[in-house]
$ cat data.pdb   # PDB, C-alpha atoms
ATOM      1  CA  MET R1125      -8.880  26.553  -8.367
ATOM      2  CA  ILE R1126      -8.107  23.428  -6.322
ATOM      3  CA  GLY R1127     -10.338  22.199  -3.503
ATOM      4  CA  ILE R1128      -9.658  19.712  -0.707
ATOM      5  CA  THR R1129     -12.421  18.369   1.537
ATOM      6  CA  GLY R1130     -11.808  17.234   5.095
ATOM      7  CA  ALA R1131      -8.787  19.509   5.096
ATOM      8  CA  SER R1132      -8.508  19.632   8.892
ATOM      9  CA  GLY R1133      -8.005  15.851   9.074
ATOM     10  CA  PRO R1134      -4.532  14.277   8.923
ATOM     11  CA  LEU R1135      -4.622  13.316   5.226
ATOM     12  CA  GLY R1136      -6.372  16.513   4.195
ATOM     13  CA  ARG R1137      -3.918  18.759   6.013
ATOM     14  CA  ALA R1138      -0.897  16.856   4.712
ATOM     15  CA  THR R1139      -2.227  17.167   1.154
ATOM     16  CA  ALA R1140      -3.043  20.849   1.653
ATOM     17  CA  GLU R1141       0.495  21.588   2.813
ATOM     18  CA  LEU R1142       1.921  20.076  -0.369
ATOM     19  CA  VAL R1143      -0.569  21.803  -2.663
ATOM     20  CA  LEU R1144       0.055  25.177  -1.009
ATOM     21  CA  ARG R1145       3.751  24.814  -1.847
ATOM     22  CA  ALA R1146       2.984  23.985  -5.473
ATOM     23  CA  VAL R1147       0.437  26.658  -6.428
ATOM     24  CA  ASP R1148      -0.642  30.147  -5.437
ATOM     25  CA  PRO R1149      -2.411  29.717  -2.054
ATOM     26  CA  ARG R1150      -5.153  32.039  -3.267
ATOM     27  CA  GLU R1151      -6.107  29.298  -5.729
ATOM     28  CA  VAL R1152      -6.684  26.725  -2.972
ATOM     29  CA  VAL R1153     -10.028  26.087  -1.252
ATOM     30  CA  LEU R1154      -9.983  24.038   1.939
ATOM     31  CA  THR R1155     -13.302  22.772   3.262
ATOM     32  CA  THR R1156     -13.966  21.469   6.761
ATOM     33  CA  ARG R1157     -16.680  21.284   9.387
ATOM     34  CA  THR R1158     -14.335  23.234  11.698
ATOM     35  CA  PRO R1159     -12.842  26.222   9.837
ATOM     36  CA  GLU R1160     -11.071  27.450  12.974
ATOM     37  CA  ALA R1161      -8.827  24.372  12.786
ATOM     38  CA  LEU R1162      -7.358  25.740   9.545
ATOM     39  CA  ALA R1163      -6.769  29.311  10.691
ATOM     40  CA  ASP R1164      -3.019  28.946  10.163
ATOM     41  CA  LEU R1165      -3.483  27.915   6.522
ATOM     42  CA  ALA R1166      -5.933  30.768   5.992
ATOM     43  CA  THR R1167      -3.234  33.227   7.070
ATOM     44  CA  ARG R1168      -1.060  31.813   4.278
ATOM     45  CA  GLY R1169      -3.722  32.763   1.728
ATOM     46  CA  ALA R1170      -5.828  29.619   1.402
ATOM     47  CA  ARG R1171      -9.587  30.067   1.234
ATOM     48  CA  VAL R1172     -11.118  28.144   4.134
ATOM     49  CA  ARG R1173     -14.809  27.329   3.829
ATOM     50  CA  GLN R1174     -17.220  25.513   6.103
ATOM     51  CA  ALA R1175     -18.799  22.388   4.624
ATOM     52  CA  ASP R1176     -20.789  19.582   6.177
ATOM     53  CA  PHE R1177     -21.768  16.780   3.798
ATOM     54  CA  GLY R1178     -24.794  16.169   5.970
ATOM     55  CA  ASP R1179     -26.072  19.499   4.624
ATOM     56  CA  PRO R1180     -25.587  19.589   0.811
ATOM     57  CA  ARG R1181     -26.253  23.335   0.753
ATOM     58  CA  THR R1182     -22.988  24.009   2.560
ATOM     59  CA  ALA R1183     -21.085  21.824   0.098
ATOM     60  CA  ALA R1184     -22.521  23.622  -2.932
ATOM     61  CA  ALA R1185     -21.372  26.970  -1.561
ATOM     62  CA  ALA R1186     -17.984  25.627  -0.467
ATOM     63  CA  PHE R1187     -17.214  24.231  -3.922
ATOM     64  CA  ALA R1188     -17.988  27.460  -5.806
ATOM     65  CA  GLY R1189     -15.172  28.294  -8.229
ATOM     66  CA  VAL R1190     -13.341  25.000  -7.681
ATOM     67  CA  GLU R1191     -12.158  23.185 -10.812
ATOM     68  CA  ARG R1192     -10.305  20.200  -9.299
ATOM     69  CA  LEU R1193     -11.508  18.669  -6.047
ATOM     70  CA  LEU R1194     -10.042  16.067  -3.717
ATOM     71  CA  LEU R1195     -12.956  14.292  -2.038
ATOM     72  CA  ILE R1196     -11.566  12.595   1.062
ATOM     73  CA  SER R1197     -13.856   9.864   2.338
ATOM     74  CA  THR R1198     -15.467  10.780   5.635
ATOM     75  CA  ASP R1199     -15.106   8.725   8.811
ATOM     76  CA  ALA R1200     -18.803   7.805   9.010
ATOM     77  CA  VAL R1201     -18.208   4.186   7.951
ATOM     78  CA  GLY R1202     -21.431   2.493   6.903
ATOM     79  CA  SER R1203     -23.424   5.706   6.567
ATOM     80  CA  ARG R1204     -21.174   7.925   4.463
ATOM     81  CA  LEU R1205     -22.249   6.797   0.998
ATOM     82  CA  ASP R1206     -25.186   9.213   0.950
ATOM     83  CA  GLN R1207     -22.809  11.967   2.113
ATOM     84  CA  HIS R1208     -20.383  11.180  -0.702
ATOM     85  CA  ARG R1209     -23.115  11.066  -3.320
ATOM     86  CA  ALA R1210     -24.412  14.413  -2.113
ATOM     87  CA  ALA R1211     -20.900  15.856  -2.298
ATOM     88  CA  VAL R1212     -20.435  14.618  -5.870
ATOM     89  CA  GLU R1213     -23.798  16.080  -6.860
ATOM     90  CA  ALA R1214     -22.962  19.394  -5.174
ATOM     91  CA  ALA R1215     -19.582  19.494  -6.896
ATOM     92  CA  ALA R1216     -21.152  18.916 -10.295
ATOM     93  CA  GLY R1217     -23.704  21.635  -9.605
ATOM     94  CA  ALA R1218     -20.956  24.054  -8.551
ATOM     95  CA  GLY R1219     -19.033  23.543 -11.791
ATOM     96  CA  VAL R1220     -16.248  21.261 -10.560
ATOM     97  CA  SER R1221     -14.812  19.426 -13.566
ATOM     98  CA  HIS R1222     -12.519  16.819 -11.968
ATOM     99  CA  ILE R1223     -12.870  14.908  -8.678
ATOM    100  CA  ALA R1224     -10.163  12.764  -7.108
ATOM    101  CA  TYR R1225     -11.479  10.383  -4.455
ATOM    102  CA  THR R1226      -9.740   8.377  -1.731
ATOM    103  CA  SER R1227     -10.958   4.790  -1.982
ATOM    104  CA  VAL R1228      -9.747   1.304  -1.011
ATOM    105  CA  PRO R1229      -8.040  -1.509  -2.975
ATOM    106  CA  GLU R1230     -10.337  -3.903  -4.793
ATOM    107  CA  PRO R1231     -13.751  -2.532  -3.790
ATOM    108  CA  VAL R1232     -15.508  -5.656  -5.052
ATOM    109  CA  PRO R1233     -18.298  -7.705  -3.406
ATOM    110  CA  ALA R1234     -15.929 -10.558  -2.486
ATOM    111  CA  ASN R1235     -13.732  -8.223  -0.412
ATOM    112  CA  PRO R1236     -14.845  -8.624   3.248
ATOM    113  CA  ALA R1237     -13.605  -5.215   4.430
ATOM    114  CA  VAL R1238     -16.632  -3.384   5.836
ATOM    115  CA  VAL R1239     -15.609  -0.166   4.048
ATOM    116  CA  VAL R1240     -16.015  -1.692   0.586
ATOM    117  CA  ALA R1241     -19.697  -0.878   0.029
ATOM    118  CA  ASP R1242     -19.184   2.831   0.775
ATOM    119  CA  HIS R1243     -16.213   3.098  -1.556
ATOM    120  CA  ALA R1244     -17.692   1.027  -4.370
ATOM    121  CA  GLY R1245     -20.857   3.122  -4.291
ATOM    122  CA  THR R1246     -18.896   6.367  -4.344
ATOM    123  CA  GLU R1247     -16.755   5.195  -7.263
ATOM    124  CA  GLN R1248     -19.944   4.340  -9.146
ATOM    125  CA  ALA R1249     -21.358   7.787  -8.389
ATOM    126  CA  LEU R1250     -18.219   9.382  -9.798
ATOM    127  CA  ARG R1251     -18.352   7.353 -12.994
ATOM    128  CA  GLU R1252     -22.015   8.258 -13.470
ATOM    129  CA  SER R1253     -21.509  11.960 -12.670
ATOM    130  CA  GLY R1254     -20.275  13.012 -16.101
ATOM    131  CA  LEU R1255     -17.219  14.617 -14.461
ATOM    132  CA  ARG R1256     -13.614  13.630 -14.930
ATOM    133  CA  TRP R1257     -12.468  11.509 -12.009
ATOM    134  CA  THR R1258      -9.444   9.851 -10.450
ATOM    135  CA  VAL R1259      -9.765   7.130  -7.835
ATOM    136  CA  LEU R1260      -6.884   6.838  -5.390
ATOM    137  CA  ARG R1261      -7.210   3.384  -3.855
ATOM    138  CA  ASN R1262      -5.067   3.855  -0.770
ATOM    139  CA  ASN R1263      -3.831   0.686   0.916
ATOM    140  CA  LEU R1264      -3.917   0.394   4.717
ATOM    141  CA  TYR R1265      -1.964   3.129   6.456
ATOM    142  CA  ALA R1266       1.344   1.889   7.817
ATOM    143  CA  HIS R1267       1.040   3.969  10.981
ATOM    144  CA  LEU R1268      -2.082   2.038  12.028
ATOM    145  CA  GLN R1269       0.103  -1.040  12.531
ATOM    146  CA  ILE R1270       2.522   0.695  14.902
ATOM    147  CA  PRO R1271       0.432  -0.216  17.998
ATOM    148  CA  VAL R1272       0.486  -3.830  16.804
ATOM    149  CA  ILE R1273       4.285  -3.764  16.716
ATOM    150  CA  GLU R1274       4.491  -2.079  20.110
ATOM    151  CA  GLN R1275       2.137  -4.582  21.717
ATOM    152  CA  ALA R1276       4.105  -7.469  20.232
ATOM    153  CA  ILE R1277       7.309  -6.055  21.684
ATOM    154  CA  THR R1278       5.662  -5.657  25.092
ATOM    155  CA  THR R1279       3.884  -9.021  25.285
ATOM    156  CA  GLY R1280       6.061 -11.215  23.084
ATOM    157  CA  ARG R1281       2.975 -12.215  21.067
ATOM    158  CA  LEU R1282       1.529 -10.931  17.812
ATOM    159  CA  VAL R1283      -2.076 -12.014  17.449
ATOM    160  CA  THR R1284      -3.566 -11.842  13.966
ATOM    161  CA  ASN R1285      -6.467 -13.063  11.830
ATOM    162  CA  SER R1286      -4.702 -12.240   8.552
ATOM    163  CA  GLY R1287      -3.329 -15.766   8.046
ATOM    164  CA  ASP R1288      -0.635 -15.923   5.386
ATOM    165  CA  GLY R1289      -2.016 -12.860   3.593
ATOM    166  CA  ALA R1290      -0.100  -9.655   3.004
ATOM    167  CA  ALA R1291      -0.881  -5.943   2.808
ATOM    168  CA  ALA R1292       1.087  -3.289   0.940
ATOM    169  CA  TYR R1293       0.989  -0.840   3.858
ATOM    170  CA  VAL R1294       1.522   2.742   2.731
ATOM    171  CA  ALA R1295       2.692   5.858   4.551
ATOM    172  CA  ARG R1296      -0.022   8.485   4.873
ATOM    173  CA  GLU R1297       2.493  11.070   3.684
ATOM    174  CA  ASP R1298       2.880   9.135   0.441
ATOM    175  CA  CYS R1299      -0.907   9.112   0.002
ATOM    176  CA  ALA R1300      -0.900  12.883   0.475
ATOM    177  CA  ALA R1301       1.887  13.336  -2.066
ATOM    178  CA  ALA R1302       0.015  11.190  -4.584
ATOM    179  CA  ALA R1303      -3.170  13.193  -4.092
ATOM    180  CA  ALA R1304      -1.328  16.503  -4.408
ATOM    181  CA  ALA R1305       0.196  15.345  -7.696
ATOM    182  CA  VAL R1306      -3.200  14.445  -9.146
ATOM    183  CA  LEU R1307      -4.567  17.846  -8.105
ATOM    184  CA  THR R1308      -1.704  19.871  -9.570
ATOM    185  CA  ARG R1309      -0.823  17.940 -12.732
ATOM    186  CA  ASP R1310      -2.648  16.667 -15.816
ATOM    187  CA  GLY R1311      -2.812  13.135 -17.156
ATOM    188  CA  TYR R1312      -4.608  11.145 -14.455
ATOM    189  CA  GLU R1313      -8.206  11.657 -15.492
ATOM    190  CA  ASN R1314     -10.552   8.660 -15.482
ATOM    191  CA  ARG R1315      -8.023   6.337 -13.863
ATOM    192  CA  ALA R1316      -8.116   4.160 -10.752
ATOM    193  CA  LEU R1317      -4.702   4.003  -9.087
ATOM    194  CA  ASP R1318      -3.601   1.656  -6.306
ATOM    195  CA  VAL R1319      -1.543   3.751  -3.884
ATOM    196  CA  THR R1320       0.696   1.323  -2.009
ATOM    197  CA  GLY R1321       3.924   0.906  -0.155
ATOM    198  CA  PRO R1322       6.937  -0.715  -1.845
ATOM    199  CA  ALA R1323       6.263  -4.268  -0.627
ATOM    200  CA  ALA R1324       3.497  -6.543   0.594
ATOM    201  CA  VAL R1325       3.981  -7.291   4.307
ATOM    202  CA  THR R1326       2.752 -10.415   6.112
ATOM    203  CA  ALA R1327       2.031 -10.961   9.791
ATOM    204  CA  ARG R1328       5.265 -12.960   9.915
ATOM    205  CA  ASP R1329       7.090  -9.873   8.646
ATOM    206  CA  LEU R1330       5.450  -7.821  11.408
ATOM    207  CA  ALA R1331       6.541 -10.313  14.047
ATOM    208  CA  ASP R1332      10.086 -10.384  12.671
ATOM    209  CA  LEU R1333      10.248  -6.588  12.750
ATOM    210  CA  ALA R1334       8.960  -6.517  16.334
ATOM    211  CA  ARG R1335      11.593  -9.108  17.278
ATOM    212  CA  GLU R1336      14.337  -7.044  15.610
ATOM    213  CA  ILE R1337      13.292  -3.760  17.210
ATOM    214  CA  GLY R1338      12.445  -5.142  20.634
ATOM    215  CA  GLY R1339      15.313  -7.576  20.949
ATOM    216  CA  ARG R1340      13.083 -10.380  22.205
ATOM    217  CA  GLU R1341      11.289 -13.402  20.823
ATOM    218  CA  VAL R1342       7.835 -12.695  19.393
ATOM    219  CA  GLU R1343       5.368 -15.542  18.904
ATOM    220  CA  LEU R1344       3.029 -15.286  15.946
ATOM    221  CA  VAL R1345      -0.462 -16.369  17.044
ATOM    222  CA  GLY R1346      -3.041 -16.980  14.320
ATOM    223  CA  VAL R1347      -6.719 -16.872  15.301
ATOM    224  CA  ASP R1348     -10.053 -16.846  13.488
ATOM    225  CA  ASP R1349     -12.146 -13.730  12.972
ATOM    226  CA  HIS R1350     -14.409 -14.340  15.963
ATOM    227  CA  ALA R1351     -11.517 -14.789  18.371
ATOM    228  CA  PHE R1352      -9.738 -11.764  16.957
ATOM    229  CA  ALA R1353     -12.792  -9.528  17.314
ATOM    230  CA  THR R1354     -13.420 -10.808  20.833
ATOM    231  CA  GLY R1355      -9.847  -9.984  21.803
ATOM    232  CA  LEU R1356     -10.173  -6.447  20.496
ATOM    233  CA  GLU R1357     -13.421  -5.940  22.384
ATOM    234  CA  GLU R1358     -11.889  -7.296  25.578
ATOM    235  CA  ALA R1359      -9.070  -4.802  25.088
ATOM    236  CA  GLY R1360     -11.649  -1.996  25.187
ATOM    237  CA  LEU R1361     -12.316  -1.258  21.519
ATOM    238  CA  PRO R1362     -15.970  -0.535  20.667
ATOM    239  CA  ASP R1363     -17.778  -3.069  18.506
ATOM    240  CA  PRO R1364     -17.708  -1.005  15.257
ATOM    241  CA  VAL R1365     -13.936  -0.530  15.538
ATOM    242  CA  SER R1366     -13.258  -4.174  16.331
ATOM    243  CA  GLU R1367     -15.469  -5.173  13.407
ATOM    244  CA  LEU R1368     -13.546  -2.803  11.115
ATOM    245  CA  PHE R1369     -10.110  -4.076  12.136
ATOM    246  CA  THR R1370     -11.258  -7.686  11.964
ATOM    247  CA  SER R1371     -12.574  -7.143   8.449
ATOM    248  CA  PHE R1372      -9.239  -5.678   7.359
ATOM    249  CA  GLY R1373      -7.537  -8.825   8.643
ATOM    250  CA  ALA R1374      -9.974 -10.946   6.669
ATOM    251  CA  SER R1375      -9.384  -8.787   3.593
ATOM    252  CA  THR R1376      -5.631  -9.238   4.001
ATOM    253  CA  ARG R1377      -6.074 -12.991   4.418
ATOM    254  CA  GLY R1378      -8.093 -13.066   1.205
ATOM    255  CA  GLY R1379      -5.388 -11.330  -0.814
ATOM    256  CA  PHE R1380      -7.282  -8.118  -1.476
ATOM    257  CA  LEU R1381      -4.548  -5.832  -0.100
ATOM    258  CA  ALA R1382      -1.432  -7.547  -1.453
ATOM    259  CA  HIS R1383      -1.042  -5.784  -4.805
ATOM    260  CA  VAL R1384       2.037  -3.548  -4.985
ATOM    261  CA  SER R1385       1.886  -0.747  -7.526
ATOM    262  CA  GLY R1386       4.266   1.888  -8.840
ATOM    263  CA  ALA R1387       1.703   4.680  -8.470
ATOM    264  CA  VAL R1388       3.545   6.630  -5.759
ATOM    265  CA  ALA R1389       6.731   6.698  -7.804
ATOM    266  CA  GLU R1390       4.802   7.563 -10.978
ATOM    267  CA  LEU R1391       2.945  10.420  -9.314
ATOM    268  CA  THR R1392       5.683  11.843  -7.077
ATOM    269  CA  GLY R1393       8.950  10.883  -8.749
ATOM    270  CA  ARG R1394      10.212   9.031  -5.669
ATOM    271  CA  GLU R1395       9.788   5.610  -4.138
ATOM    272  CA  PRO R1396       7.283   5.165  -1.275
ATOM    273  CA  ARG R1397       8.542   4.704   2.268
ATOM    274  CA  SER R1398       8.873   1.161   3.513
ATOM    275  CA  PHE R1399       6.775  -0.135   6.372
ATOM    276  CA  ALA R1400       9.856  -0.690   8.534
ATOM    277  CA  ASP R1401      11.014   2.900   7.963
ATOM    278  CA  VAL R1402       7.616   4.249   9.017
ATOM    279  CA  VAL R1403       7.687   2.205  12.225
ATOM    280  CA  ARG R1404      11.259   3.133  13.119
ATOM    281  CA  ALA R1405      10.653   6.833  12.451
ATOM    282  CA  ALA R1406       7.543   6.795  14.657
ATOM    283  CA  ARG R1407       9.445   5.172  17.523
ATOM    284  CA  LYS R1408      12.112   7.887  17.348
ATOM    285  CA  SER R1409       9.617  10.754  17.416
TER     286      SER R1409
END

$ encode --input "data.pdb" --output "structure tokens"
Amino acid sequence: MIGITGASGPLGRATAELVLRAVDPREVVLTTRTPEALADLATRGARVRQADFGDPRTAAAAFAGVERLLLISTDAVGSRLDQHRAAVEAAAGAGVSHIAYTSVPEPVPANPAVVVADHAGTEQALRESGLRWTVLRNNLYAHLQIPVIEQAITTGRLVTNSGDGAAAYVAREDCAAAAAAVLTRDGYENRALDVTGPAAVTARDLADLAREIGGREVELVGVDDHAFATGLEEAGLPDPVSELFTSFGASTRGGFLAHVSGAVAELTGREPRSFADVVRAARKS
């Protein structure tokens, strides 16, 4: 039995779709806080169960019978570590033997990304759980940079705090395919895998792509973290979101997101999509 948490979210649903094609749907458990959002997958035979990590009792019941579980990190940045620990404990109590977890590259103290503490703590909980585990350290999603490209095309300026750093942006679909492979195949136990795109991309690369797509000059404007955060706030983003995006820029500048791995190809048998392909496909849709 395979379980996927957060299955009504974009990554969870994409992973569920792939798993449902690979195994008998009756052997798939999809957990969510909103079971009605997965009614269509339930009609295909998947077992949809309500689970809220804020209430460990629901998780224990939702994980019953599951052998392999994909634990997708929740969106409660800064307060989700207790939720994740409770989920790991509930999974162990329910008899789950293998947990795959969606983490972040280089979850080390020197990495300034604000998500690091949550992910590092969850990885530690997995290693101490006594269960088999796989950590999928997903790089930044490529689609999150599409608004940056669009704004650069519109304004002729690409403002960044990432300096000369690079990130190996990855398509969310490739993250889903990697997760589905770990859930449906053997051989990835007790491994941490960097899930990345095929190349590390700099802010200069982003500006060049915006120039190519938009057919106009795009100025690359480098700013410090304070100025970058202030600009995001002035654009209407709430403080926690501006802090998050600013920290990702600082993490990129520090080299924590630049590693390019072959994990997607190893897990799926095909090369990951390039950042430029993701952007162009999104603009056509």

$ closest_residue --input "data.pdb" --among "R:Leu1307, R:Ala1292, R:Val1239, R:Ala1218" --to "R:Thr1370" --atoms "only C-alpha atoms"
R:Val1239

$ resolve_selection --input "data.pdb" --expression "the PyMOL selection byres ((chain R and resi 1236) around 9)" --output "mmCIF file with C-alpha atoms, keeping the file's coordinate frame"
data_model
loop_
_atom_site.group_PDB
_atom_site.id
_atom_site.type_symbol
_atom_site.label_atom_id
_atom_site.label_comp_id
_atom_site.auth_asym_id
_atom_site.auth_seq_id
_atom_site.Cartn_x
_atom_site.Cartn_y
_atom_site.Cartn_z
ATOM 1 C CA VAL R 1232 -15.508 -5.656 -5.052
ATOM 2 C CA PRO R 1233 -18.298 -7.705 -3.406
ATOM 3 C CA ALA R 1234 -15.929 -10.558 -2.486
ATOM 4 C CA ASN R 1235 -13.732 -8.223 -0.412
ATOM 5 C CA ALA R 1237 -13.605 -5.215 4.430
ATOM 6 C CA VAL R 1238 -16.632 -3.384 5.836
ATOM 7 C CA VAL R 1239 -15.609 -0.166 4.048
ATOM 8 C CA VAL R 1240 -16.015 -1.692 0.586
ATOM 9 C CA SER R 1371 -12.574 -7.143 8.449
ATOM 10 C CA PHE R 1372 -9.239 -5.678 7.359
ATOM 11 C CA ALA R 1374 -9.974 -10.946 6.669
ATOM 12 C CA SER R 1375 -9.384 -8.787 3.593
ATOM 13 C CA GLY R 1378 -8.093 -13.066 1.205
ATOM 14 C CA PHE R 1380 -7.282 -8.118 -1.476
#

$ axis_aligned_box --input "data.pdb" --around "stretch 1393-1396 of chain R" --padding-each-side "6 Å" --output "AutoDock Vina command-line options"
--center_x 8.7 --center_y 8.0 --center_z -5.0 --size_x 14.9 --size_y 17.7 --size_z 19.5

$ residues_around --input "data.pdb" --residues "R:Arg1404" --least-positions-apart "4" --cutoff "12 Å" --atoms "all atoms listed in the file" --output "list of chain:residue names"
R:Ala1266, R:His1267, R:Gln1269, R:Ile1270, R:Ile1273, R:Glu1274, R:Leu1333, R:Ala1334, R:Glu1336, R:Ile1337, R:Gly1338, R:Arg1397, R:Ser1398, R:Phe1399, R:Ala1400, R:Lys1408, R:Ser1409

$ write_last_selection --input "data.pdb" --atoms "C-alpha atoms" --output "CSV table (one decimal), in the coordinates of the input"
chain,number,residue,atom,x,y,z
R,1266,ALA,CA,1.3,1.9,7.8
R,1267,HIS,CA,1.0,4.0,11.0
R,1269,GLN,CA,0.1,-1.0,12.5
R,1270,ILE,CA,2.5,0.7,14.9
R,1273,ILE,CA,4.3,-3.8,16.7
R,1274,GLU,CA,4.5,-2.1,20.1
R,1333,LEU,CA,10.2,-6.6,12.8
R,1334,ALA,CA,9.0,-6.5,16.3
R,1336,GLU,CA,14.3,-7.0,15.6
R,1337,ILE,CA,13.3,-3.8,17.2
R,1338,GLY,CA,12.4,-5.1,20.6
R,1397,ARG,CA,8.5,4.7,2.3
R,1398,SER,CA,8.9,1.2,3.5
R,1399,PHE,CA,6.8,-0.1,6.4
R,1400,ALA,CA,9.9,-0.7,8.5
R,1408,LYS,CA,12.1,7.9,17.3
R,1409,SER,CA,9.6,10.8,17.4

$ closest_residue --input "data.pdb" --among "R:Leu1135, R:Leu1154, R:Ala1303, R:Val1342" --to "R:Gly1280" --atoms "all atoms listed in the file"
R:Val1342

$ closest_residue --input "data.pdb" --among "R:Gly1355, R:Gly1287, R:Gly1346, R:Pro1149" --to "R:Ala1166" --atoms "all atoms listed in the file"
R:Pro1149

$ closest_residue --input "data.pdb" --among "R:Ala1316, R:Ala1131, R:Val1272, R:Leu1330" --to "R:Ala1244" --atoms "only C-alpha atoms"
R:Ala1316

$ atom_distance --input "data.pdb" --atom1 "atom CA of R:Glu1395" --atom2 "atom CA of R:Arg1296"
13.6 Å
